[in-house]
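Engineer: Next comes the structure file structure22.txt, holding compact mmCIF, N, CA and C atoms.
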# COMPACT_ATOMS: atom_id res chain seq x y z
N MET A 1 87.67 122.78 117.45
CA MET A 1 88.39 122.87 116.19
C MET A 1 88.97 121.51 115.85
N ALA A 2 88.75 121.07 114.63
CA ALA A 2 89.26 119.78 114.18
C ALA A 2 90.79 119.82 114.12
N LYS A 3 91.38 118.68 114.38
CA LYS A 3 92.83 118.57 114.36
C LYS A 3 93.22 117.21 113.79
N ARG A 4 94.24 117.21 112.98
CA ARG A 4 94.77 115.95 112.45
C ARG A 4 96.25 115.87 112.84
N GLU A 5 96.59 114.80 113.54
CA GLU A 5 97.99 114.56 113.90
C GLU A 5 98.51 113.43 113.03
N PHE A 6 99.71 113.62 112.54
CA PHE A 6 100.35 112.62 111.70
C PHE A 6 101.18 111.72 112.61
N LYS A 7 100.51 110.71 113.16
CA LYS A 7 101.13 109.86 114.17
C LYS A 7 101.88 108.68 113.56
N ASN A 8 101.31 108.10 112.51
CA ASN A 8 101.99 106.91 112.00
C ASN A 8 103.12 107.28 111.05
N LYS A 9 104.06 106.39 110.98
CA LYS A 9 105.30 106.61 110.22
C LYS A 9 105.02 106.92 108.75
N ARG A 10 104.09 106.21 108.16
CA ARG A 10 103.79 106.39 106.73
C ARG A 10 103.26 107.80 106.44
N LEU A 11 102.33 108.28 107.25
CA LEU A 11 101.80 109.63 107.03
C LEU A 11 102.88 110.69 107.24
N LYS A 12 103.73 110.50 108.23
CA LYS A 12 104.85 111.43 108.44
C LYS A 12 105.76 111.45 107.22
N GLU A 13 106.00 110.28 106.64
CA GLU A 13 106.85 110.16 105.46
C GLU A 13 106.22 110.88 104.27
N ILE A 14 104.92 110.73 104.08
CA ILE A 14 104.22 111.38 102.98
C ILE A 14 104.30 112.90 103.12
N ILE A 15 104.02 113.41 104.31
CA ILE A 15 104.11 114.85 104.56
C ILE A 15 105.52 115.34 104.29
N LYS A 16 106.51 114.61 104.78
CA LYS A 16 107.91 115.01 104.57
C LYS A 16 108.26 115.00 103.09
N ASN A 17 107.81 114.00 102.34
CA ASN A 17 108.10 113.95 100.91
C ASN A 17 107.54 115.16 100.17
N ILE A 18 106.31 115.52 100.48
CA ILE A 18 105.69 116.67 99.82
C ILE A 18 106.40 117.95 100.23
N ALA A 19 106.69 118.09 101.52
CA ALA A 19 107.42 119.28 101.98
C ALA A 19 108.79 119.35 101.32
N ASP A 20 109.47 118.22 101.19
CA ASP A 20 110.78 118.19 100.54
C ASP A 20 110.70 118.59 99.07
N ASP A 21 109.62 118.19 98.39
CA ASP A 21 109.42 118.62 97.00
C ASP A 21 109.32 120.14 96.92
N PHE A 22 108.59 120.73 97.85
CA PHE A 22 108.49 122.19 97.90
C PHE A 22 109.85 122.81 98.23
N ARG A 23 110.58 122.21 99.15
CA ARG A 23 111.91 122.73 99.51
C ARG A 23 112.86 122.68 98.31
N TYR A 24 112.79 121.59 97.58
CA TYR A 24 113.66 121.41 96.41
C TYR A 24 113.44 122.53 95.40
N SER A 25 112.19 122.95 95.24
CA SER A 25 111.88 124.01 94.27
C SER A 25 111.90 125.41 94.92
N ASN A 26 112.30 125.46 96.19
CA ASN A 26 112.39 126.74 96.92
C ASN A 26 111.08 127.50 96.96
N GLU A 27 109.98 126.80 97.02
CA GLU A 27 108.66 127.46 97.06
C GLU A 27 108.37 127.96 98.46
N MET A 28 107.67 129.09 98.50
CA MET A 28 107.28 129.69 99.77
C MET A 28 105.82 130.10 99.74
N GLY A 29 105.04 129.51 98.85
CA GLY A 29 103.63 129.83 98.73
C GLY A 29 102.81 129.22 99.85
N GLU A 30 101.51 129.46 99.78
CA GLU A 30 100.58 129.02 100.82
C GLU A 30 100.66 127.52 101.08
N TYR A 31 100.64 126.72 100.01
CA TYR A 31 100.67 125.27 100.19
C TYR A 31 102.03 124.81 100.71
N ALA A 32 103.09 125.41 100.20
CA ALA A 32 104.42 125.05 100.67
C ALA A 32 104.54 125.28 102.17
N LEU A 33 104.11 126.45 102.62
CA LEU A 33 104.18 126.77 104.05
C LEU A 33 103.32 125.82 104.88
N LEU A 34 102.19 125.43 104.33
CA LEU A 34 101.32 124.47 105.01
C LEU A 34 102.04 123.14 105.24
N PHE A 35 102.71 122.64 104.20
CA PHE A 35 103.40 121.36 104.33
C PHE A 35 104.67 121.49 105.17
N TYR A 36 105.36 122.64 105.10
CA TYR A 36 106.51 122.85 105.98
C TYR A 36 106.07 122.78 107.44
N LYS A 37 104.96 123.46 107.75
CA LYS A 37 104.44 123.48 109.12
C LYS A 37 104.04 122.07 109.56
N ALA A 38 103.31 121.36 108.69
CA ALA A 38 102.87 120.00 109.03
C ALA A 38 104.07 119.09 109.25
N ASP A 39 105.12 119.28 108.45
CA ASP A 39 106.31 118.45 108.59
C ASP A 39 107.01 118.72 109.91
N SER A 40 107.09 119.97 110.30
CA SER A 40 107.81 120.29 111.54
C SER A 40 106.98 120.04 112.80
N SER A 41 105.66 120.28 112.73
CA SER A 41 104.83 120.13 113.94
C SER A 41 104.17 118.77 114.06
N GLY A 42 104.00 118.08 112.93
CA GLY A 42 103.35 116.77 112.96
C GLY A 42 101.84 116.83 113.06
N ALA A 43 101.27 118.04 112.85
CA ALA A 43 99.81 118.18 112.97
C ALA A 43 99.33 119.40 112.19
N ILE A 44 98.06 119.38 111.84
CA ILE A 44 97.38 120.53 111.25
C ILE A 44 96.01 120.63 111.88
N ASN A 45 95.39 121.81 111.77
CA ASN A 45 94.06 121.93 112.34
C ASN A 45 93.23 122.95 111.56
N GLY A 46 91.93 122.92 111.85
CA GLY A 46 91.00 123.89 111.26
C GLY A 46 91.05 123.96 109.75
N THR A 47 91.21 125.16 109.24
CA THR A 47 91.20 125.38 107.79
C THR A 47 92.40 124.74 107.09
N GLU A 48 93.46 124.46 107.84
CA GLU A 48 94.63 123.81 107.24
C GLU A 48 94.26 122.43 106.69
N ILE A 49 93.36 121.75 107.36
CA ILE A 49 92.92 120.43 106.89
C ILE A 49 92.27 120.58 105.52
N GLU A 50 91.39 121.56 105.38
CA GLU A 50 90.71 121.79 104.10
C GLU A 50 91.70 122.21 103.01
N GLN A 51 92.67 123.03 103.37
CA GLN A 51 93.68 123.46 102.40
C GLN A 51 94.51 122.28 101.92
N MET A 52 94.91 121.42 102.83
CA MET A 52 95.72 120.27 102.46
C MET A 52 94.89 119.30 101.62
N LEU A 53 93.65 119.11 101.99
CA LEU A 53 92.76 118.24 101.22
C LEU A 53 92.58 118.80 99.81
N GLU A 54 92.41 120.11 99.69
CA GLU A 54 92.29 120.74 98.38
C GLU A 54 93.55 120.52 97.55
N TYR A 55 94.71 120.64 98.18
CA TYR A 55 95.98 120.45 97.46
C TYR A 55 96.10 119.03 96.91
N VAL A 56 95.84 118.03 97.75
CA VAL A 56 96.00 116.65 97.28
C VAL A 56 94.91 116.27 96.27
N THR A 57 93.70 116.78 96.43
CA THR A 57 92.62 116.49 95.48
C THR A 57 92.96 117.09 94.12
N THR A 58 93.43 118.33 94.11
CA THR A 58 93.83 118.97 92.86
C THR A 58 95.00 118.21 92.24
N GLY A 59 95.95 117.81 93.06
CA GLY A 59 97.10 117.05 92.56
C GLY A 59 96.68 115.74 91.92
N LEU A 60 95.74 115.05 92.53
CA LEU A 60 95.24 113.79 91.96
C LEU A 60 94.53 114.04 90.64
N ASP A 61 93.75 115.11 90.56
CA ASP A 61 93.08 115.46 89.31
C ASP A 61 94.10 115.72 88.21
N GLU A 62 95.15 116.46 88.55
CA GLU A 62 96.19 116.77 87.57
C GLU A 62 96.94 115.51 87.13
N LEU A 63 97.21 114.64 88.06
CA LEU A 63 97.89 113.39 87.70
C LEU A 63 97.05 112.57 86.73
N SER A 64 95.74 112.58 86.92
CA SER A 64 94.88 111.80 86.03
C SER A 64 94.81 112.39 84.62
N LYS A 65 95.14 113.67 84.49
CA LYS A 65 95.12 114.34 83.18
C LYS A 65 96.52 114.57 82.65
N ASN A 66 97.46 113.73 83.02
CA ASN A 66 98.86 114.03 82.77
C ASN A 66 99.40 113.64 81.41
N ILE A 67 98.63 113.04 80.55
CA ILE A 67 99.17 112.54 79.28
C ILE A 67 99.79 113.67 78.46
N GLN A 68 99.07 114.76 78.29
CA GLN A 68 99.60 115.87 77.51
C GLN A 68 100.82 116.47 78.20
N TRP A 69 100.73 116.65 79.50
CA TRP A 69 101.85 117.21 80.24
C TRP A 69 103.08 116.32 80.10
N ARG A 70 102.87 115.01 80.22
CA ARG A 70 103.99 114.07 80.14
C ARG A 70 104.67 114.15 78.78
N GLU A 71 103.88 114.22 77.70
CA GLU A 71 104.45 114.32 76.36
C GLU A 71 105.28 115.60 76.22
N GLU A 72 104.75 116.72 76.69
CA GLU A 72 105.48 117.99 76.61
C GLU A 72 106.76 117.93 77.44
N PHE A 73 106.66 117.37 78.64
CA PHE A 73 107.81 117.28 79.52
C PHE A 73 108.91 116.42 78.89
N LEU A 74 108.53 115.27 78.34
CA LEU A 74 109.52 114.38 77.75
C LEU A 74 110.15 114.99 76.50
N ASN A 75 109.37 115.76 75.73
CA ASN A 75 109.93 116.43 74.56
C ASN A 75 110.94 117.50 74.97
N GLU A 76 110.68 118.18 76.07
CA GLU A 76 111.57 119.24 76.53
C GLU A 76 112.77 118.70 77.31
N ASN A 77 112.66 117.50 77.84
CA ASN A 77 113.69 116.90 78.69
C ASN A 77 114.03 115.51 78.18
N ALA A 78 114.73 115.47 77.06
CA ALA A 78 114.99 114.22 76.36
C ALA A 78 115.76 113.21 77.20
N GLY A 79 116.54 113.65 78.18
CA GLY A 79 117.35 112.74 78.97
C GLY A 79 116.60 112.04 80.09
N VAL A 80 115.34 112.35 80.27
CA VAL A 80 114.57 111.78 81.37
C VAL A 80 114.13 110.35 81.03
N ASP A 81 114.31 109.47 81.96
CA ASP A 81 113.88 108.08 81.80
C ASP A 81 112.36 108.03 82.03
N GLU A 82 111.62 107.70 80.97
CA GLU A 82 110.16 107.70 81.05
C GLU A 82 109.64 106.71 82.10
N MET A 83 110.24 105.55 82.20
CA MET A 83 109.77 104.57 83.19
C MET A 83 109.98 105.09 84.61
N LYS A 84 111.12 105.72 84.86
CA LYS A 84 111.37 106.27 86.18
C LYS A 84 110.37 107.37 86.50
N MET A 85 110.08 108.21 85.50
CA MET A 85 109.12 109.28 85.70
C MET A 85 107.73 108.71 86.02
N LEU A 86 107.32 107.68 85.30
CA LEU A 86 106.02 107.06 85.54
C LEU A 86 105.96 106.42 86.93
N GLN A 87 107.05 105.80 87.36
CA GLN A 87 107.09 105.21 88.69
C GLN A 87 106.97 106.30 89.76
N ASN A 88 107.65 107.43 89.54
CA ASN A 88 107.56 108.54 90.48
C ASN A 88 106.13 109.09 90.54
N MET A 89 105.48 109.19 89.40
CA MET A 89 104.12 109.70 89.35
C MET A 89 103.17 108.74 90.07
N LYS A 90 103.39 107.44 89.93
CA LYS A 90 102.57 106.45 90.61
C LYS A 90 102.77 106.54 92.13
N THR A 91 104.00 106.73 92.54
CA THR A 91 104.29 106.91 93.97
C THR A 91 103.59 108.14 94.51
N ILE A 92 103.65 109.24 93.78
CA ILE A 92 102.97 110.47 94.19
C ILE A 92 101.48 110.23 94.30
N GLU A 93 100.91 109.55 93.32
CA GLU A 93 99.48 109.26 93.34
C GLU A 93 99.11 108.45 94.58
N GLU A 94 99.89 107.42 94.87
CA GLU A 94 99.61 106.57 96.03
C GLU A 94 99.68 107.38 97.33
N GLU A 95 100.70 108.24 97.44
CA GLU A 95 100.84 109.06 98.64
C GLU A 95 99.68 110.04 98.78
N TYR A 96 99.32 110.68 97.69
CA TYR A 96 98.20 111.64 97.73
C TYR A 96 96.90 110.94 98.11
N LEU A 97 96.67 109.74 97.59
CA LEU A 97 95.45 109.01 97.94
C LEU A 97 95.43 108.65 99.43
N GLU A 98 96.55 108.20 99.96
CA GLU A 98 96.63 107.88 101.37
C GLU A 98 96.36 109.12 102.23
N LEU A 99 96.99 110.23 101.86
CA LEU A 99 96.81 111.46 102.61
C LEU A 99 95.37 111.96 102.49
N GLN A 100 94.81 111.88 101.29
CA GLN A 100 93.41 112.29 101.08
C GLN A 100 92.47 111.49 101.97
N ASN A 101 92.65 110.17 102.00
CA ASN A 101 91.80 109.31 102.84
C ASN A 101 91.93 109.67 104.32
N PHE A 102 93.14 109.94 104.76
CA PHE A 102 93.34 110.33 106.15
C PHE A 102 92.66 111.65 106.47
N LEU A 103 92.77 112.63 105.59
CA LEU A 103 92.20 113.95 105.83
C LEU A 103 90.69 113.96 105.80
N LYS A 104 90.09 113.04 105.06
CA LYS A 104 88.62 113.00 104.95
C LYS A 104 87.96 112.38 106.17
N LYS A 105 88.71 111.73 107.02
CA LYS A 105 88.14 111.04 108.19
C LYS A 105 87.56 112.03 109.18
In structure tokens, how does this file's structure come out?

Structural biologist:
Amino acid sequence: MAKREFKNKRLKEIIKNIADDFRYSNEMGEYALLFYKADSSGAINGTEIEQMLEYVTTGLDELSKNIQWREEFLNENAGVDEMKMLQNMKTIEEEYLELQNFLKK
């Protein structure tokens, strides 16, 4: 059975950031539980690898199609700093790409 351990500091940080995003929104769905487990154990295996890869790939696809979403979000949340939001989205994209590359190995 394939196994991926998050040994380096950067990958641990990425997993923790994603898990923390789920914690912030109080999510308990399949993906949230996957990232909670990865954050606490430092590893995933078998089908969990495919699930995590699916999550980050879908997330990257959504980020690339975000123009309409961003306009709607900014219209609904006038107090949000657009530059800060764009920087956060870029950070998310970078983390997802790093995690995707690691999972594909």

Engineer: What is the distance between CA of Asp21 in chain A and CA of Ser41 in chain A, in Å to one decimal?

Structural biologist: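 That distance, rounded to one decimal, is 17.6 Å.
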
Engineer: Rounded to one decimal in Å, what is the spacing between atom N of Glu94 in chain A and atom C of Asp20 in chain A?

Structural biologist: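 According to the coordinates, atom N of Glu94 in chain A and atom C of Asp20 in chain A are separated by 16.1 Å.
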
Engineer: What is the distance between CA of Glu93 in chain A and CA of Lys3 in chain A, in Å to one decimal?

Structural biologist: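 Interatomic distance, CA of Glu93 in chain A to CA of Lys3 in chain A: 23.9 Å.
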
Engineer: With distances taken over only N, CA and C atoms, which residue among A:Leu97, A:Lys7, A:Arg70, A:Met28 lies nearest Gly42 in chain A?

Structural biologist: A:Lys7

Engineer: Of the candidates A:Lys9, A:Lys16, A:Arg4, A:Lys84, which one gets nearest to Asn45 in chain A if we count only C-alpha atoms?

Structural biologist: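 Of all the options, A:Arg4 lies closest to Asn45 in chain A.
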
Engineer: Step one, run DSSP on the backbone; step two, keep only residues of chain A assigned to helix (DSSP H, G or I); then write them as a count of residues only.

Structural biologist: 79

Engineer: Enumerate as a tab-separated table (two decimals) with N, CA and C atoms, keeping the file's coordinate frame all residues of chain A assigned to strand (DSSP E or B) by DSSP on the backbone, naming them with the chain letters and numbers the document uses.

Structural biologist:
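Just written: states18.tsv:
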chain	number	residue	atom	x	y	z
A	3	LYS	N	91.38	118.68	114.38
A	3	LYS	CA	92.83	118.57	114.36
A	3	LYS	C	93.22	117.21	113.79
A	4	ARG	N	94.24	117.21	112.98
A	4	ARG	CA	94.77	115.95	112.45
A	4	ARG	C	96.25	115.87	112.84
A	5	GLU	N	96.59	114.80	113.54
A	5	GLU	CA	97.99	114.56	113.90
A	5	GLU	C	98.51	113.43	113.03
A	43	ALA	N	101.27	118.04	112.85
A	43	ALA	CA	99.81	118.18	112.97
A	43	ALA	C	99.33	119.40	112.19
A	44	ILE	N	98.06	119.38	111.84
A	44	ILE	CA	97.38	120.53	111.25
A	44	ILE	C	96.01	120.63	111.88
A	45	ASN	N	95.39	121.81	111.77
A	45	ASN	CA	94.06	121.93	112.34
A	45	ASN	C	93.23	122.95	111.56
